[in-house]
Amino acid sequence: MTKPTRVLICGTGGGAHALAAVASRNGFEVRVLSQSPEKAQRWTEILERQRLTVIGRNGDNGAGWPAGDFMVTDQPAIAARGCSLIIFAVPALSHTRYLELLEPEIDDGCVIVGLPGQNGFEFEVRQTLGRKLRNCVVMNFESLPWSCRTVEFGETVRINGTKQTLAGAIQGDLKKAKLKEPLAVMQRLLGEFPKLTLSGHLLGINLMSLNAYSHPPIMYGRWKDWDGKPLDEQPLFFQGVDEDTAALLGRISDEVVATSRLIMAAYPKVDLSQVIPMYEWDIAHYGNQIKDKTNLMTALRTNTLYQGRTHPMIETEDGRHVPDFNHRFLLEDIPCLAVIRGIAEIAGFDTPNLDTVLLWGQEKLNKEYLVGSRLTGKDVATTRCPQRYGFTRIEELLGYVDEPVRPIAISAAISKTSVAARSEVMSEQS
């Protein structure tokens, strides 16, 4: 009898809860690593008396399905022992610490997965693992497979909706990997949906980071002219996107796509074709949940998965509401947006629309990343911008310097319509 694949999941948030449930149910031997001994002990105690339960968007009273058995620990050696697959399902701010904890324990041939790794994931993996990375494989996906959140820690997780497709990229020598077909293993782990595809270079996943250049611009669009007075109601987030904000989102998306095309023009063998306009991405991933596909604004406003989501707010003493500028939509996504800006800067492409949002967001966070037209601010060192790692050339972004980990190109699943649309974007930019 074949032993189940042993997988390590880093994190204890909503994504890690959902991933542990799905993977254990699909026959994997699952271990969850927490940085917090208290959380590890608490979750372990819960698992001793009940299984983790998954409910859907309309589930109530704990109705749903039970996860399989899995273990939770705060001990890296126990967590990583014998694992051929390590999945990071935590915010980018936590990656460094998990990588440092796991570095002594990672075996040769291990497949390291960002789900999502978010911007700069492979830069941080390269920095932390050093020479050990030569015998490992890195995969990075553009987002979580689902919209999900923890209902009761260790007890219940809600999966609101599953994406139809999920794109990623892979880098490393598959001949050295313990898993000879890592994409197939990840698909089996997640189930039928989302359909996973791997294409192009990991740099494309850095650029195709929708959270980074959708959440901050929507925040900017709603609050840039705020007069500071509390509101009686919490404004809708995606459903509240107006024409001006949608236009800004489109322009930022065009800047990101154009950056990728500029790099491909300079390095024809580098495939960044997974970087597509935001509207196309939304239709590809949420098509059956979008009622009105007329344009980007209508797609965002009529996505059923976004219904009822409000701007992050803080309730005042009198029951009114003010915006929460320390929410993850800025706290996590502005540093990720800075990574995209750093790549564009090295590529030599101007991003005035992205810059507008980045400057506004860093001011709200009391941070300094962009100074004038350069990423030279004092807080760049706290991000995963390529400038933090001393990268100044595109070759360094691509990993083509100092005995690089070799990129592996796997056929892209990009439609002819998408290619034509991207060509049109480039024509407009030139």
# chains A, B, ... in the order shown; residues from 1 in each chain; ligands from 1

$ select_by_dssp --residues "range 339-391 of chain A" --states "alpha helix (DSSP H)" --output "MDAnalysis selection string"
chainID A and resid 339:347 352:364

$ residues_around --residues "Glu192 in chain A" --least-positions-apart "6" --cutoff "12 Å" --atoms "only C-alpha atoms" --output "PyMOL selection string"
chain A and resi 22+26+145+162-166+184-186

$ write_last_selection --atoms "all heavy atoms" --output "JSON list (two decimals), in the first residue's frame"
[["chain", "number", "residue", "atom", "x", "y", "z"],
["A", 22, "VAL", "N", -9.09, 20.42, 3.51],
["A", 22, "VAL", "CA", -9.21, 19.85, 2.17],
["A", 22, "VAL", "C", -8.14, 18.79, 1.93],
["A", 22, "VAL", "O", -8.43, 17.70, 1.41],
["A", 22, "VAL", "CB", -9.12, 20.98, 1.11],
["A", 22, "VAL", "CG1", -9.03, 20.40, -0.29],
["A", 22, "VAL", "CG2", -10.33, 21.90, 1.22],
["A", 26, "ASN", "N", -8.59, 14.70, 1.38],
["A", 26, "ASN", "CA", -8.20, 14.12, 0.09],
["A", 26, "ASN", "C", -7.06, 13.11, 0.22],
["A", 26, "ASN", "O", -6.40, 12.78, -0.77],
["A", 26, "ASN", "CB", -7.82, 15.23, -0.90],
["A", 26, "ASN", "CG", -9.04, 15.99, -1.39],
["A", 26, "ASN", "OD1", -10.16, 15.46, -1.36],
["A", 26, "ASN", "ND2", -8.85, 17.22, -1.84],
["A", 145, "PRO", "N", -6.92, 29.24, -3.25],
["A", 145, "PRO", "CA", -7.89, 28.56, -4.13],
["A", 145, "PRO", "C", -9.33, 28.95, -3.88],
["A", 145, "PRO", "O", -10.19, 28.73, -4.71],
["A", 145, "PRO", "CB", -7.68, 27.07, -3.79],
["A", 145, "PRO", "CG", -6.35, 27.00, -3.11],
["A", 145, "PRO", "CD", -6.22, 28.30, -2.39],
["A", 162, "THR", "N", -15.10, 28.65, -4.46],
["A", 162, "THR", "CA", -13.86, 28.11, -5.00],
["A", 162, "THR", "C", -13.62, 28.71, -6.38],
["A", 162, "THR", "O", -14.54, 28.78, -7.21],
["A", 162, "THR", "CB", -13.94, 26.58, -5.12],
["A", 162, "THR", "OG1", -14.16, 26.03, -3.82],
["A", 162, "THR", "CG2", -12.66, 26.00, -5.69],
["A", 163, "LYS", "N", -12.41, 29.15, -6.64],
["A", 163, "LYS", "CA", -12.07, 29.71, -7.95],
["A", 163, "LYS", "C", -12.13, 28.61, -9.01],
["A", 163, "LYS", "O", -11.90, 27.44, -8.73],
["A", 163, "LYS", "CB", -10.68, 30.35, -7.91],
["A", 163, "LYS", "CG", -10.59, 31.55, -6.97],
["A", 163, "LYS", "CD", -9.19, 32.12, -6.94],
["A", 163, "LYS", "CE", -9.14, 33.42, -6.13],
["A", 163, "LYS", "NZ", -9.39, 33.22, -4.70],
["A", 164, "GLN", "N", -12.42, 29.01, -10.23],
["A", 164, "GLN", "CA", -12.49, 28.04, -11.32],
["A", 164, "GLN", "C", -11.10, 27.61, -11.77],
["A", 164, "GLN", "O", -10.87, 26.44, -12.06],
["A", 164, "GLN", "CB", -13.25, 28.66, -12.52],
["A", 164, "GLN", "CG", -14.69, 29.01, -12.21],
["A", 164, "GLN", "CD", -15.35, 29.74, -13.36],
["A", 164, "GLN", "OE1", -15.27, 29.31, -14.51],
["A", 164, "GLN", "NE2", -16.00, 30.85, -13.06],
["A", 165, "THR", "N", -10.19, 28.56, -11.83],
["A", 165, "THR", "CA", -8.82, 28.27, -12.26],
["A", 165, "THR", "C", -7.86, 29.00, -11.33],
["A", 165, "THR", "O", -8.22, 29.98, -10.66],
["A", 165, "THR", "CB", -8.55, 28.72, -13.70],
["A", 165, "THR", "OG1", -8.70, 30.15, -13.79],
["A", 165, "THR", "CG2", -9.51, 28.05, -14.67],
["A", 166, "LEU", "N", -6.62, 28.53, -11.31],
["A", 166, "LEU", "CA", -5.59, 29.16, -10.50],
["A", 166, "LEU", "C", -4.25, 28.98, -11.20],
["A", 166, "LEU", "O", -3.84, 27.86, -11.48],
["A", 166, "LEU", "CB", -5.54, 28.54, -9.10],
["A", 166, "LEU", "CG", -4.69, 29.26, -8.04],
["A", 166, "LEU", "CD1", -5.26, 30.65, -7.77],
["A", 166, "LEU", "CD2", -4.65, 28.46, -6.76],
["A", 184, "ALA", "N", 0.53, 17.87, -10.48],
["A", 184, "ALA", "CA", -0.49, 16.83, -10.32],
["A", 184, "ALA", "C", -0.76, 16.55, -8.84],
["A", 184, "ALA", "O", -1.91, 16.32, -8.44],
["A", 184, "ALA", "CB", -0.04, 15.55, -11.03],
["A", 185, "VAL", "N", 0.28, 16.59, -8.02],
["A", 185, "VAL", "CA", 0.11, 16.37, -6.58],
["A", 185, "VAL", "C", -0.71, 17.50, -5.97],
["A", 185, "VAL", "O", -1.63, 17.26, -5.17],
["A", 185, "VAL", "CB", 1.48, 16.26, -5.88],
["A", 185, "VAL", "CG1", 1.30, 16.20, -4.37],
["A", 185, "VAL", "CG2", 2.22, 15.03, -6.38],
["A", 186, "MET", "N", -0.41, 18.75, -6.36],
["A", 186, "MET", "CA", -1.17, 19.88, -5.84],
["A", 186, "MET", "C", -2.63, 19.81, -6.28],
["A", 186, "MET", "O", -3.54, 20.12, -5.50],
["A", 186, "MET", "CB", -0.55, 21.19, -6.31],
["A", 186, "MET", "CG", 0.70, 21.60, -5.56],
["A", 186, "MET", "SD", 0.40, 21.94, -3.80],
["A", 186, "MET", "CE", -0.78, 23.29, -3.90]]

$ residues_around --residues "Ile290 in chain A" --least-positions-apart "2" --cutoff "7 Å" --atoms "only C-alpha atoms" --output "NGL selection string"
:A and (286-288 or 292-293 or 299 or 302-304)

$ select_by_dssp --residues "range 241-373 of chain A" --states "strand (DSSP E or B)" --output "PyMOL selection string"
chain A and resi 290+303+310+313-315+321-323+371

$ atom_distance --atom1 "CA of Glu395 in chain A" --atom2 "CA of Asn206 in chain A"
15.2 Å

$ atom_distance --atom1 "CA of Thr310 in chain A" --atom2 "CA of Thr245 in chain A"
15.7 Å

$ residues_around --residues "Glu152 in chain A" --least-positions-apart "5" --cutoff "10 Å" --atoms "only C-alpha atoms" --output "short mmCIF file (atom, residue, chain, number, x, y, z; two decimals) with N, CA and C atoms, in the first residue's frame"
data_model
loop_
_atom_site.label_atom_id
_atom_site.label_comp_id
_atom_site.auth_asym_id
_atom_site.auth_seq_id
_atom_site.Cartn_x
_atom_site.Cartn_y
_atom_site.Cartn_z
N GLY A 14 -7.25 31.55 8.16
CA GLY A 14 -8.34 30.96 7.40
C GLY A 14 -7.87 30.08 6.27
N LEU A 52 -12.06 19.32 12.62
CA LEU A 52 -12.32 20.61 11.98
C LEU A 52 -13.48 20.44 11.00
N THR A 53 -14.42 21.37 11.02
CA THR A 53 -15.58 21.32 10.14
C THR A 53 -15.52 22.44 9.11
N VAL A 157 -14.28 26.36 9.68
CA VAL A 157 -13.81 27.28 8.65
C VAL A 157 -14.88 27.35 7.56
N ARG A 158 -15.09 28.54 7.05
CA ARG A 158 -16.09 28.74 6.00
C ARG A 158 -15.38 28.93 4.65
#
